[in-house]
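Listing of data33.cif, mmCIF, C-alpha atoms
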```
data_query
#
loop_
_atom_site.group_PDB
_atom_site.id
_atom_site.type_symbol
_atom_site.label_atom_id
_atom_site.label_comp_id
_atom_site.auth_asym_id
_atom_site.auth_seq_id
_atom_site.Cartn_x
_atom_site.Cartn_y
_atom_site.Cartn_z
ATOM 1 C CA MET A 278 104.942 116.464 79.083
ATOM 2 C CA THR A 279 105.008 115.985 82.856
ATOM 3 C CA ARG A 280 103.247 112.777 83.858
ATOM 4 C CA HIS A 281 104.401 112.560 87.461
ATOM 5 C CA VAL A 282 105.471 114.784 90.350
ATOM 6 C CA VAL A 283 107.322 113.869 93.548
ATOM 7 C CA HIS A 284 107.623 116.259 96.492
ATOM 8 C CA ARG A 285 109.809 115.508 99.490
ATOM 9 C CA SER A 286 108.286 116.665 102.775
ATOM 10 C CA ALA A 287 110.541 119.751 102.804
ATOM 11 C CA ASP A 288 110.365 120.505 99.061
ATOM 12 C CA VAL A 289 107.446 122.906 99.259
ATOM 13 C CA PRO A 290 107.674 125.178 102.325
ATOM 14 C CA PRO A 291 104.333 126.298 103.707
ATOM 15 C CA PRO A 292 103.296 129.848 102.836
ATOM 16 C CA PRO A 293 102.728 132.351 105.638
ATOM 17 C CA TYR A 294 99.365 132.349 107.366
ATOM 18 C CA ASP A 295 96.881 134.813 105.923
ATOM 19 C CA GLY A 296 95.284 137.510 108.040
ATOM 20 C CA HIS A 297 92.718 135.011 109.358
ATOM 21 C CA GLY A 298 95.114 132.303 110.571
ATOM 22 C CA TYR A 299 94.827 129.990 107.557
ATOM 23 C CA ARG A 300 97.336 128.693 105.034
ATOM 24 C CA ARG A 301 97.408 126.054 102.317
ATOM 25 C CA ARG A 302 100.462 124.375 100.828
ATOM 26 C CA THR A 303 99.656 123.415 97.232
ATOM 27 C CA LEU A 304 101.324 120.138 96.260
ATOM 28 C CA VAL A 305 99.517 119.301 93.009
ATOM 29 C CA GLY A 306 97.856 121.807 90.708
ATOM 30 C CA GLU A 307 97.632 123.332 87.245
ATOM 31 C CA ASP A 308 101.343 124.123 87.125
ATOM 32 C CA ASP A 309 102.129 120.419 87.425
ATOM 33 C CA GLY A 310 100.109 119.528 84.351
ATOM 34 C CA SER A 311 97.189 118.206 86.353
ATOM 35 C CA VAL A 312 93.714 118.442 84.871
ATOM 36 C CA HIS A 313 91.614 116.555 87.399
ATOM 37 C CA THR A 314 93.540 116.912 90.677
ATOM 38 C CA GLY A 315 94.252 119.751 93.049
ATOM 39 C CA PHE A 316 95.881 118.511 96.253
ATOM 40 C CA GLY A 317 97.246 120.368 99.243
ATOM 41 C CA LEU A 318 97.833 120.465 102.984
ATOM 42 C CA CYS A 319 95.765 123.003 104.916
ATOM 43 C CA GLU A 320 96.444 124.489 108.337
ATOM 44 C CA LEU A 321 94.189 126.561 110.589
ATOM 45 C CA ARG A 322 95.155 128.166 113.880
ATOM 46 C CA PRO A 323 92.875 127.677 116.907
ATOM 47 C CA ASP A 324 91.620 131.261 116.508
ATOM 48 C CA GLY A 325 91.624 131.138 112.711
ATOM 49 C CA ARG A 326 88.815 131.033 110.205
ATOM 50 C CA VAL A 327 88.026 130.658 106.516
ATOM 51 C CA GLY A 328 84.977 132.678 105.544
ATOM 52 C CA ALA A 329 81.932 131.180 103.848
ATOM 53 C CA HIS A 330 82.500 130.312 100.212
ATOM 54 C CA VAL A 331 81.548 127.961 97.398
ATOM 55 C CA HIS A 332 83.597 126.431 94.628
ATOM 56 C CA SER A 333 82.900 124.770 91.305
ATOM 57 C CA TYR A 334 84.899 121.671 92.179
ATOM 58 C CA GLU A 335 84.387 118.792 94.570
ATOM 59 C CA GLU A 336 86.466 118.761 97.756
ATOM 60 C CA SER A 337 87.354 115.754 99.894
ATOM 61 C CA PHE A 338 89.288 116.146 103.128
ATOM 62 C CA HIS A 339 91.007 114.015 105.753
ATOM 63 C CA VAL A 340 91.994 115.452 109.140
ATOM 64 C CA LEU A 341 95.617 114.660 109.983
ATOM 65 C CA ASP A 342 96.073 116.552 113.270
ATOM 66 C CA GLY A 343 94.068 118.753 115.625
ATOM 67 C CA THR A 344 90.436 119.813 115.556
ATOM 68 C CA MET A 345 88.413 122.343 113.602
ATOM 69 C CA ILE A 346 84.793 123.275 112.954
ATOM 70 C CA LEU A 347 83.111 122.937 109.581
ATOM 71 C CA ASP A 348 80.071 125.181 109.124
ATOM 72 C CA LEU A 349 77.464 124.054 106.591
ATOM 73 C CA PRO A 350 73.952 125.379 105.867
ATOM 74 C CA GLU A 351 72.426 122.505 107.871
ATOM 75 C CA GLY A 352 74.699 122.754 110.906
ATOM 76 C CA ALA A 353 78.193 122.914 112.403
ATOM 77 C CA TYR A 354 80.451 119.904 112.914
ATOM 78 C CA LEU A 355 83.504 119.445 115.120
ATOM 79 C CA LEU A 356 86.099 117.461 113.192
ATOM 80 C CA ALA A 357 89.115 115.729 114.731
ATOM 81 C CA ASP A 358 92.041 113.449 113.843
ATOM 82 C CA GLY A 359 90.915 110.668 111.508
ATOM 83 C CA ASP A 360 87.681 112.299 110.352
ATOM 84 C CA TYR A 361 87.091 112.709 106.640
ATOM 85 C CA GLY A 362 84.324 114.029 104.462
ATOM 86 C CA LEU A 363 83.014 115.394 101.199
ATOM 87 C CA LEU A 364 82.056 118.913 100.147
ATOM 88 C CA PRO A 365 80.124 118.764 96.853
ATOM 89 C CA ALA A 366 80.469 121.533 94.287
ATOM 90 C CA GLY A 367 78.358 124.593 95.048
ATOM 91 C CA VAL A 368 77.788 123.879 98.759
ATOM 92 C CA PRO A 369 78.413 126.929 101.005
ATOM 93 C CA HIS A 370 80.827 126.162 103.827
ATOM 94 C CA ALA A 371 83.266 127.793 106.229
ATOM 95 C CA TRP A 372 86.008 126.661 108.601
ATOM 96 C CA ARG A 373 86.687 127.717 112.199
ATOM 97 C CA GLY A 374 89.637 126.878 114.409
ATOM 98 C CA ALA A 375 89.090 124.891 117.604
ATOM 99 C CA GLY A 376 91.097 123.232 120.349
ATOM 100 C CA GLU A 377 94.534 124.378 121.457
ATOM 101 C CA THR A 378 96.746 123.407 118.524
ATOM 102 C CA VAL A 379 96.910 124.052 114.794
ATOM 103 C CA ALA A 380 94.550 121.847 112.795
ATOM 104 C CA ARG A 381 96.012 120.197 109.711
ATOM 105 C CA TRP A 382 94.180 118.376 106.947
ATOM 106 C CA ALA A 383 94.694 117.027 103.431
ATOM 107 C CA ALA A 384 92.378 118.436 100.769
ATOM 108 C CA MET A 385 91.635 116.842 97.400
ATOM 109 C CA LEU A 386 90.006 119.120 94.794
ATOM 110 C CA ALA A 387 88.489 117.712 91.597
ATOM 111 C CA PRO A 388 88.679 118.949 88.910
ATOM 112 C CA VAL A 389 91.754 121.132 89.353
ATOM 113 C CA PRO A 390 91.026 124.766 90.371
ATOM 114 C CA ARG A 391 91.920 127.203 87.573
ATOM 115 C CA ALA A 392 93.918 130.336 88.330
ATOM 116 C CA ARG A 393 92.356 132.219 85.393
ATOM 117 C CA TYR A 394 88.912 131.807 86.996
ATOM 118 C CA GLY A 395 89.888 132.912 90.487
ATOM 119 C CA TYR A 396 90.659 129.315 91.441
ATOM 120 C CA ASP A 397 86.955 128.572 90.933
ATOM 121 C CA THR A 398 86.056 129.897 94.385
ATOM 122 C CA GLN A 399 83.492 132.553 95.303
ATOM 123 C CA ALA A 400 82.802 134.163 98.681
ATOM 124 C CA VAL A 401 79.177 134.013 99.861
ATOM 125 C CA PRO A 402 77.284 135.528 102.832
ATOM 126 C CA ASP A 403 78.281 134.314 106.285
ATOM 127 C CA LEU A 404 76.665 131.172 107.608
ATOM 128 C CA PRO A 405 74.932 131.155 111.018
ATOM 129 C CA VAL A 406 77.323 130.490 113.903
ATOM 130 C CA ARG A 407 76.057 127.395 115.715
ATOM 131 C CA SER A 408 77.496 125.225 118.459
ATOM 132 C CA PRO A 409 79.240 122.323 116.731
ATOM 133 C CA VAL A 410 78.409 118.660 117.208
ATOM 134 C CA ARG A 411 80.658 115.661 116.632
ATOM 135 C CA ILE A 412 79.962 113.622 113.531
ATOM 136 C CA ASP A 413 78.279 110.252 113.961
ATOM 137 C CA VAL A 414 79.141 107.930 111.094
ATOM 138 C CA ARG A 415 76.108 105.752 111.858
ATOM 139 C CA ASP A 416 73.683 108.706 111.687
ATOM 140 C CA PRO A 417 72.045 108.892 108.229
ATOM 141 C CA ARG A 418 72.021 112.699 108.529
ATOM 142 C CA THR A 419 75.818 112.835 108.330
ATOM 143 C CA ARG A 420 76.409 110.518 105.404
ATOM 144 C CA SER A 421 78.973 112.905 103.924
ATOM 145 C CA PHE A 422 81.440 112.147 106.734
ATOM 146 C CA GLY A 423 83.414 109.209 108.027
ATOM 147 C CA HIS A 424 86.144 108.317 110.482
ATOM 148 C CA PHE A 425 89.378 106.383 110.035
ATOM 149 C CA GLU A 426 91.533 104.608 112.623
ATOM 150 C CA PRO A 427 94.795 102.831 111.673
ATOM 151 C CA GLY A 428 93.459 99.679 113.361
ATOM 152 C CA GLN A 429 90.856 99.443 110.609
ATOM 153 C CA MET A 430 93.651 98.357 108.233
ATOM 154 C CA ASP A 431 94.261 95.111 110.149
ATOM 155 C CA PRO A 432 92.293 92.275 108.479
ATOM 156 C CA GLY A 433 92.423 90.278 111.712
ATOM 157 C CA GLN A 434 90.783 92.987 113.793
ATOM 158 C CA GLN A 435 87.512 93.549 111.948
ATOM 159 C CA SER A 436 85.278 93.333 115.012
ATOM 160 C CA GLN A 437 81.725 94.653 115.171
ATOM 161 C CA ASP A 438 82.895 97.420 117.490
ATOM 162 C CA LEU A 439 85.508 98.546 115.009
ATOM 163 C CA LEU A 440 83.155 98.319 112.045
ATOM 164 C CA ALA A 441 80.658 100.477 113.941
ATOM 165 C CA VAL A 442 82.981 103.470 113.589
ATOM 166 C CA SER A 443 83.602 102.902 109.887
ATOM 167 C CA ALA A 444 79.997 103.542 108.873
ATOM 168 C CA SER A 445 78.903 100.415 107.008
ATOM 169 C CA MET A 446 79.751 97.476 104.773
ATOM 170 C CA ARG A 447 80.847 99.920 102.093
ATOM 171 C CA THR A 448 84.047 100.522 104.084
ATOM 172 C CA ALA A 449 84.936 96.830 104.358
ATOM 173 C CA LEU A 450 88.574 96.079 103.588
ATOM 174 C CA LEU A 451 89.892 94.978 100.220
ATOM 175 C CA VAL A 452 92.857 92.676 100.894
ATOM 176 C CA TYR A 453 95.136 91.192 98.228
ATOM 177 C CA SER A 454 98.832 90.187 97.899
ATOM 178 C CA GLY A 455 99.993 91.987 101.027
ATOM 179 C CA ILE A 456 98.006 95.140 100.241
ATOM 180 C CA THR A 457 95.023 96.403 102.236
ATOM 181 C CA VAL A 458 92.685 99.131 100.981
ATOM 182 C CA LYS A 459 89.946 100.952 102.898
ATOM 183 C CA MET A 460 87.656 103.197 100.882
ATOM 184 C CA MET A 461 86.818 106.563 102.455
ATOM 185 C CA VAL A 462 85.252 108.900 99.882
ATOM 186 C CA ASP A 463 83.597 107.519 96.758
ATOM 187 C CA SER A 464 80.261 107.567 94.933
ATOM 188 C CA ASP A 465 78.591 105.857 97.882
ATOM 189 C CA LEU A 466 79.521 108.855 100.024
ATOM 190 C CA GLY A 467 78.212 111.183 97.306
ATOM 191 C CA ALA A 468 81.397 111.931 95.361
ATOM 192 C CA VAL A 469 81.086 112.218 91.584
ATOM 193 C CA ALA A 470 84.539 113.422 90.489
ATOM 194 C CA SER A 471 87.051 111.642 92.722
ATOM 195 C CA THR A 472 87.816 109.043 95.368
ATOM 196 C CA MET A 473 89.892 109.059 98.563
ATOM 197 C CA PHE A 474 91.061 105.955 100.408
ATOM 198 C CA MET A 475 93.754 104.541 102.701
ATOM 199 C CA VAL A 476 96.315 101.998 101.491
ATOM 200 C CA GLN A 477 98.578 99.800 103.612
ATOM 201 C CA TYR A 478 101.323 97.421 102.468
ATOM 202 C CA ALA A 479 102.580 94.527 104.564
ATOM 203 C CA PRO A 480 106.398 94.152 104.678
ATOM 204 C CA ASP A 481 106.260 92.006 101.539
ATOM 205 C CA GLY A 482 103.577 94.069 99.785
ATOM 206 C CA VAL A 483 104.201 94.895 96.113
ATOM 207 C CA ALA A 484 102.137 96.456 93.330
ATOM 208 C CA GLY A 485 103.626 95.797 89.902
ATOM 209 C CA THR A 486 103.993 98.571 87.344
ATOM 210 C CA HIS A 487 100.754 99.702 85.769
ATOM 211 C CA ASP A 488 98.974 102.762 84.426
ATOM 212 C CA HIS A 489 95.367 103.955 84.126
ATOM 213 C CA PRO A 490 93.207 106.654 82.499
ATOM 214 C CA PHE A 491 92.941 108.804 85.637
ATOM 215 C CA GLU A 492 95.232 110.761 87.969
ATOM 216 C CA GLU A 493 96.351 109.580 91.414
ATOM 217 C CA THR A 494 98.015 111.240 94.393
ATOM 218 C CA TYR A 495 99.788 109.527 97.295
ATOM 219 C CA LEU A 496 100.479 111.218 100.635
ATOM 220 C CA PHE A 497 102.828 108.924 102.568
ATOM 221 C CA LEU A 498 101.990 108.671 106.274
ATOM 222 C CA GLU A 499 103.920 105.707 107.688
ATOM 223 C CA GLY A 500 106.801 103.458 106.620
ATOM 224 C CA THR A 501 109.106 103.562 103.592
ATOM 225 C CA ALA A 502 108.241 102.915 99.950
ATOM 226 C CA ASP A 503 110.264 102.096 96.874
ATOM 227 C CA ALA A 504 108.357 103.732 94.031
ATOM 228 C CA VAL A 505 108.879 103.935 90.288
ATOM 229 C CA PHE A 506 107.238 106.486 87.985
ATOM 230 C CA ASP A 507 107.902 106.140 84.244
ATOM 231 C CA GLY A 508 111.232 104.445 84.949
ATOM 232 C CA GLU A 509 112.430 106.915 87.606
ATOM 233 C CA ARG A 510 112.950 105.404 91.062
ATOM 234 C CA TYR A 511 112.322 107.057 94.417
ATOM 235 C CA ARG A 512 112.579 106.148 98.106
ATOM 236 C CA LEU A 513 109.607 107.841 99.829
ATOM 237 C CA GLY A 514 108.632 108.215 103.478
ATOM 238 C CA PRO A 515 106.280 110.058 105.849
ATOM 239 C CA GLY A 516 105.359 113.516 104.621
ATOM 240 C CA ASP A 517 106.398 112.856 101.018
ATOM 241 C CA LEU A 518 103.865 113.139 98.208
ATOM 242 C CA ALA A 519 103.673 111.817 94.658
ATOM 243 C CA TRP A 520 101.262 112.404 91.785
ATOM 244 C CA ALA A 521 100.829 110.148 88.747
ATOM 245 C CA GLY A 522 99.052 111.565 85.729
ATOM 246 C CA ALA A 523 96.987 109.509 83.310
ATOM 247 C CA GLY A 524 99.259 107.120 81.448
ATOM 248 C CA CYS A 525 102.145 107.319 83.912
ATOM 249 C CA VAL A 526 103.517 103.789 84.455
ATOM 250 C CA HIS A 527 104.132 103.360 88.170
ATOM 251 C CA GLY A 528 104.533 100.731 90.885
ATOM 252 C CA PHE A 529 105.275 100.393 94.600
ATOM 253 C CA ALA A 530 106.971 98.070 97.091
ATOM 254 C CA ASN A 531 107.305 98.239 100.849
ATOM 255 C CA ALA A 532 110.987 99.000 101.447
ATOM 256 C CA GLY A 533 110.906 98.338 105.193
ATOM 257 C CA ARG A 534 110.006 95.709 107.745
ATOM 258 C CA ALA A 535 107.043 97.637 109.168
ATOM 259 C CA PRO A 536 103.699 98.486 107.543
ATOM 260 C CA LEU A 537 103.711 101.108 104.809
ATOM 261 C CA ARG A 538 100.635 103.361 104.724
ATOM 262 C CA TRP A 539 99.516 106.258 102.560
ATOM 263 C CA LEU A 540 96.434 108.331 101.720
ATOM 264 C CA GLU A 541 95.495 107.980 98.053
ATOM 265 C CA THR A 542 93.140 109.856 95.746
ATOM 266 C CA GLN A 543 91.899 109.280 92.207
ATOM 267 C CA ALA A 544 90.296 111.682 89.734
ATOM 268 C CA PRO A 545 88.193 111.255 87.764
ATOM 269 C CA GLN A 546 86.600 108.193 89.320
ATOM 270 C CA PRO A 547 87.851 104.967 87.701
ATOM 271 C CA PRO A 548 85.724 103.384 84.989
ATOM 272 C CA ALA A 549 83.815 100.232 85.858
ATOM 273 C CA ARG A 550 86.051 98.071 83.662
ATOM 274 C CA HIS A 551 89.638 98.175 82.416
ATOM 275 C CA SER A 552 90.696 100.638 85.100
ATOM 276 C CA TYR A 553 94.232 99.255 85.395
ATOM 277 C CA ARG A 554 96.690 98.215 82.678
ATOM 278 C CA PHE A 555 99.394 96.062 84.282
ATOM 279 C CA THR A 556 102.733 95.802 82.487
ATOM 280 C CA ARG A 557 103.193 92.149 83.448
ATOM 281 C CA ASP A 558 99.947 91.052 81.789
ATOM 282 C CA TRP A 559 100.878 92.516 78.413
ATOM 283 C CA ASP A 560 104.463 91.260 78.714
ATOM 284 C CA TYR A 561 103.035 87.796 79.341
ATOM 285 C CA LEU A 562 100.840 88.051 76.237
ATOM 286 C CA ARG A 563 103.760 89.205 74.117
ATOM 287 C CA GLU A 564 105.937 86.309 75.288
ATOM 288 C CA ALA A 565 103.109 83.820 74.767
ATOM 289 C CA LEU A 566 102.575 85.001 71.193
ATOM 290 C CA GLU A 567 106.291 84.908 70.433
ATOM 291 C CA SER A 568 106.579 81.311 71.671
#
```
Rewrite the structure of this file - the entire thing - as structure tokens.
Amino acid sequence: MTRHVVHRSADVPPPPYDGHGYRRRTLVGEDDGSVHTGFGLCELRPDGRVGAHVHSYEESFHVLDGTMILDLPEGAYLLADGDYGLLPAGVPHAWRGAGETVARWAAMLAPVPRARYGYDTQAVPDLPVRSPVRIDVRDPRTRSFGHFEPGQMDPGQQSQDLLAVSASMRTALLVYSGITVKMMVDSDLGAVASTMFMVQYAPDGVAGTHDHPFEETYLFLEGTADAVFDGERYRLGPGDLAWAGAGCVHGFANAGRAPLRWLETQAPQPPARHSYRFTRDWDYLREALES
């Protein structure tokens, strides 16, 4: 049984654009053995569009490059580099191209779309075409969106000005043993099936081998990682992606002298307790009992 997948940046070539200027490169899906995670990279040309539709899964997104417009029943929003958000199951939405370059974003789908049910997506009547507005992370009316800047990963730069563009205390950094985590999409943003967050390792950052009862994906954005998945070792860099299924024993170390950063997702959402089972803790117990 497959419990992990690794894709080099060139492993999965993008499909051709459809007739509306849109394409999606699927990196994790049913064929990989995933149950809870669909993950891909989407691209939309400036004159492209994705018609109004709904799906029976939750979708989280993070804009990597360019700008695009997201149409929702309550309004239209102009999204740009660093913006992220949540589309709950059953919410009608559509995408429109904007700007002068191709827009590119990462999309996390939970649970995994099923081919036998039309990938759990249904077209719906067109939404009204409105002039888009930029999201405002401090506006309570746009609580399903947020914005990320790489500077937010620096524990020494958590000024009030910087925190003002990361919405609230809920996006405060978690810092431990050379690892910094900034939550983006979770239950506080309205997600029920998954999470999405940014992870950064200092040059000496290490996460020992562990496993958990949920699936994770890792889209590497900056730096070089030494990763192990069920005993198989990989050197991963920008553009590479990995997926760890439930029960896959995995760990990471920064293999370079510069920060290592990736976008990470989890599905389903971790339980409140006993989310992580670290190898070293149980090895310690075994040695203690033997002595």
| Quick one: residues within 7 Å of range 384-391 of chain A, only C-alpha atoms counted, chain neighbours fewer than 6 positions away excluded, as a ChimeraX atom specification? | /A:306-307,311-318,334-339,397,470-471,544
So what does the PyMOL selection byres ((chain A and resi 516) around 6) actually pick up in this one, as an mmCIF file with C-alpha atoms, in the frame of the given file?
```cif
data_model
loop_
_atom_site.group_PDB
_atom_site.id
_atom_site.type_symbol
_atom_site.label_atom_id
_atom_site.label_comp_id
_atom_site.auth_asym_id
_atom_site.auth_seq_id
_atom_site.Cartn_x
_atom_site.Cartn_y
_atom_site.Cartn_z
ATOM 1 C CA SER A 286 108.286 116.665 102.775
ATOM 2 C CA PHE A 497 102.828 108.924 102.568
ATOM 3 C CA PRO A 515 106.280 110.058 105.849
ATOM 4 C CA ASP A 517 106.398 112.856 101.018
#
```
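Nearest to Pro536 in chain A of all the residues A:Asp560, A:Asp431, A:Asp308, A:Asp465 is A:Asp431, based on only C-alpha atoms.
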Using all atoms listed in the file, tabulate the residues of range 396-511 of chain A lying at most 8 Å from any atom of range 356-367 of chain A, each with its closest atom pair and that distance in Å to one decimal, by chain and increasing residue number, as CSV.
```
residue,atom,partner,partner_atom,distance
A:Arg411,CA,A:Leu356,CA,6.7
A:Ile412,CA,A:Leu356,CA,7.2
A:Ser421,CA,A:Leu363,CA,5.5
A:Phe422,CA,A:Gly362,CA,4.1
A:Gly423,CA,A:Tyr361,CA,5.3
A:His424,CA,A:Asp360,CA,4.3
A:Phe425,CA,A:Gly359,CA,4.8
A:Glu426,CA,A:Gly359,CA,6.2
A:Met461,CA,A:Tyr361,CA,7.4
A:Val462,CA,A:Gly362,CA,6.9
A:Leu466,CA,A:Leu363,CA,7.5
A:Gly467,CA,A:Leu363,CA,7.5
A:Ala468,CA,A:Leu363,CA,7.0
```
Taking (90.2, 104.3, 99.2) in the coordinates of the supplied file, I want to know which residues reach to within 8 Å of it, counting all atoms listed in the file; could you give the answer as a short mmCIF file (atom, residue, chain, number, x, y, z; two decimals) with C-alpha atoms, in the coordinates of the input?
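This is the output file point.cif:
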```cif
data_model
loop_
_atom_site.label_atom_id
_atom_site.label_comp_id
_atom_site.auth_asym_id
_atom_site.auth_seq_id
_atom_site.Cartn_x
_atom_site.Cartn_y
_atom_site.Cartn_z
CA VAL A 458 92.68 99.13 100.98
CA LYS A 459 89.95 100.95 102.90
CA MET A 460 87.66 103.20 100.88
CA MET A 461 86.82 106.56 102.46
CA VAL A 462 85.25 108.90 99.88
CA ASP A 463 83.60 107.52 96.76
CA THR A 472 87.82 109.04 95.37
CA MET A 473 89.89 109.06 98.56
CA PHE A 474 91.06 105.96 100.41
CA MET A 475 93.75 104.54 102.70
CA VAL A 476 96.32 102.00 101.49
CA LEU A 540 96.43 108.33 101.72
CA GLU A 541 95.50 107.98 98.05
CA THR A 542 93.14 109.86 95.75
#
```
| field | Gln399 in chain A surroundings by all atoms listed in the file, 7 Å radius, close-in-sequence under 4 positions cut, as an NGL selection string | value | :A and (330-332)
So that I can check the surroundings of Glu499 in chain A, please list as an mmCIF file with C-alpha atoms, in the coordinates of the input every protein, DNA and RNA residue that reaches within 7 Å of it, counting only C-alpha atoms and ignoring chain neighbours fewer than 5 positions away.
```cif
data_model
loop_
_atom_site.group_PDB
_atom_site.id
_atom_site.type_symbol
_atom_site.label_atom_id
_atom_site.label_comp_id
_atom_site.auth_asym_id
_atom_site.auth_seq_id
_atom_site.Cartn_x
_atom_site.Cartn_y
_atom_site.Cartn_z
ATOM 1 C CA GLY A 514 108.632 108.215 103.478
ATOM 2 C CA PRO A 515 106.280 110.058 105.849
ATOM 3 C CA LEU A 537 103.711 101.108 104.809
ATOM 4 C CA ARG A 538 100.635 103.361 104.724
ATOM 5 C CA TRP A 539 99.516 106.258 102.560
#
```
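Separating CA of Thr303 in chain A from CA of Asn531 in chain A is a distance of 26.6 Å.
A straight line drawn from CA of Gln477 in chain A to CA of Gly508 in chain A is 23.0 Å long.
With all atoms listed in the file as the basis for measurement, A:His370 is the residue among A:His489, A:His370, A:His284, A:Arg510 that approaches Gly328 in chain A most closely.
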Return as a PDB file with C-alpha atoms, keeping the file's coordinate frame the set of residues that the PyMOL selection byres ((chain A and resi 377-381) around 9) yields on the displayed structure.
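Final file, out_27.pdb:
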```pdb
ATOM      1  CA  LEU A 318      97.833 120.465 102.984  1.00  0.00           C
ATOM      2  CA  CYS A 319      95.765 123.003 104.916  1.00  0.00           C
ATOM      3  CA  GLU A 320      96.444 124.489 108.337  1.00  0.00           C
ATOM      4  CA  LEU A 321      94.189 126.561 110.589  1.00  0.00           C
ATOM      5  CA  ARG A 322      95.155 128.166 113.880  1.00  0.00           C
ATOM      6  CA  PRO A 323      92.875 127.677 116.907  1.00  0.00           C
ATOM      7  CA  ASP A 324      91.620 131.261 116.508  1.00  0.00           C
ATOM      8  CA  HIS A 339      91.007 114.015 105.753  1.00  0.00           C
ATOM      9  CA  VAL A 340      91.994 115.452 109.140  1.00  0.00           C
ATOM     10  CA  LEU A 341      95.617 114.660 109.983  1.00  0.00           C
ATOM     11  CA  ASP A 342      96.073 116.552 113.270  1.00  0.00           C
ATOM     12  CA  GLY A 343      94.068 118.753 115.625  1.00  0.00           C
ATOM     13  CA  THR A 344      90.436 119.813 115.556  1.00  0.00           C
ATOM     14  CA  MET A 345      88.413 122.343 113.602  1.00  0.00           C
ATOM     15  CA  ALA A 357      89.115 115.729 114.731  1.00  0.00           C
ATOM     16  CA  ASP A 358      92.041 113.449 113.843  1.00  0.00           C
ATOM     17  CA  GLY A 374      89.637 126.878 114.409  1.00  0.00           C
ATOM     18  CA  ALA A 375      89.090 124.891 117.604  1.00  0.00           C
ATOM     19  CA  GLY A 376      91.097 123.232 120.349  1.00  0.00           C
ATOM     20  CA  TRP A 382      94.180 118.376 106.947  1.00  0.00           C
ATOM     21  CA  ALA A 383      94.694 117.027 103.431  1.00  0.00           C
TER      22      ALA A 383
END
```
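One finds CA of Gly433 in chain A at 27.3 Å from CA of Ala504 in chain A.
Excluding Gly352 in chain A and any residue on its chain fewer than 4 positions from it, the residues at most 12 Å away by only C-alpha atoms are A:Ile346, A:Leu347, A:Asp348, A:Pro369, A:His370, A:Ala371, A:Leu404, A:Pro405, A:Val406, A:Arg407, A:Ser408, A:Pro409, A:Val410, A:Arg411, A:Ile412, A:Arg418, A:Thr419.
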Can you spit out the residues from that selection as a PDB file, keeping the file's coordinate frame, using C-alpha atoms?
```
ATOM      1  CA  ILE A 346      84.793 123.275 112.954  1.00  0.00           C
ATOM      2  CA  LEU A 347      83.111 122.937 109.581  1.00  0.00           C
ATOM      3  CA  ASP A 348      80.071 125.181 109.124  1.00  0.00           C
ATOM      4  CA  PRO A 369      78.413 126.929 101.005  1.00  0.00           C
ATOM      5  CA  HIS A 370      80.827 126.162 103.827  1.00  0.00           C
ATOM      6  CA  ALA A 371      83.266 127.793 106.229  1.00  0.00           C
ATOM      7  CA  LEU A 404      76.665 131.172 107.608  1.00  0.00           C
ATOM      8  CA  PRO A 405      74.932 131.155 111.018  1.00  0.00           C
ATOM      9  CA  VAL A 406      77.323 130.490 113.903  1.00  0.00           C
ATOM     10  CA  ARG A 407      76.057 127.395 115.715  1.00  0.00           C
ATOM     11  CA  SER A 408      77.496 125.225 118.459  1.00  0.00           C
ATOM     12  CA  PRO A 409      79.240 122.323 116.731  1.00  0.00           C
ATOM     13  CA  VAL A 410      78.409 118.660 117.208  1.00  0.00           C
ATOM     14  CA  ARG A 411      80.658 115.661 116.632  1.00  0.00           C
ATOM     15  CA  ILE A 412      79.962 113.622 113.531  1.00  0.00           C
ATOM     16  CA  ARG A 418      72.021 112.699 108.529  1.00  0.00           C
ATOM     17  CA  THR A 419      75.818 112.835 108.330  1.00  0.00           C
TER      18      THR A 419
END
```
| task | Name the residues that the PyMOL selection byres ((chain A and resi 521) around 12) pulls out of this structure, and write them as number ranges by chain. | result | A: 279-284, 305, 309-314, 487-496, 504-507, 518-520, 522-528, 541-544
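Among the candidates A:Pro293, A:Ala353, A:Ala532, A:Ala484, the one nearest to Ile456 in chain A when counting only C-alpha atoms is A:Ala484.
The nearest approach to Pro402 in chain A among the residues A:Gly500, A:Pro350, A:His551, A:Leu562, with only C-alpha atoms taken into account, belongs to A:Pro350.
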Give the padded box for range 354-372 of chain A as lines of an AutoDock Vina configuration file: axis-aligned, covering all atoms listed in the file, 4 Å on each side, centre and edge lengths in Å to one decimal.
```
center_x = 84.9
center_y = 119.2
center_z = 104.7
size_x = 22.3
size_y = 25.1
size_z = 28.8
```
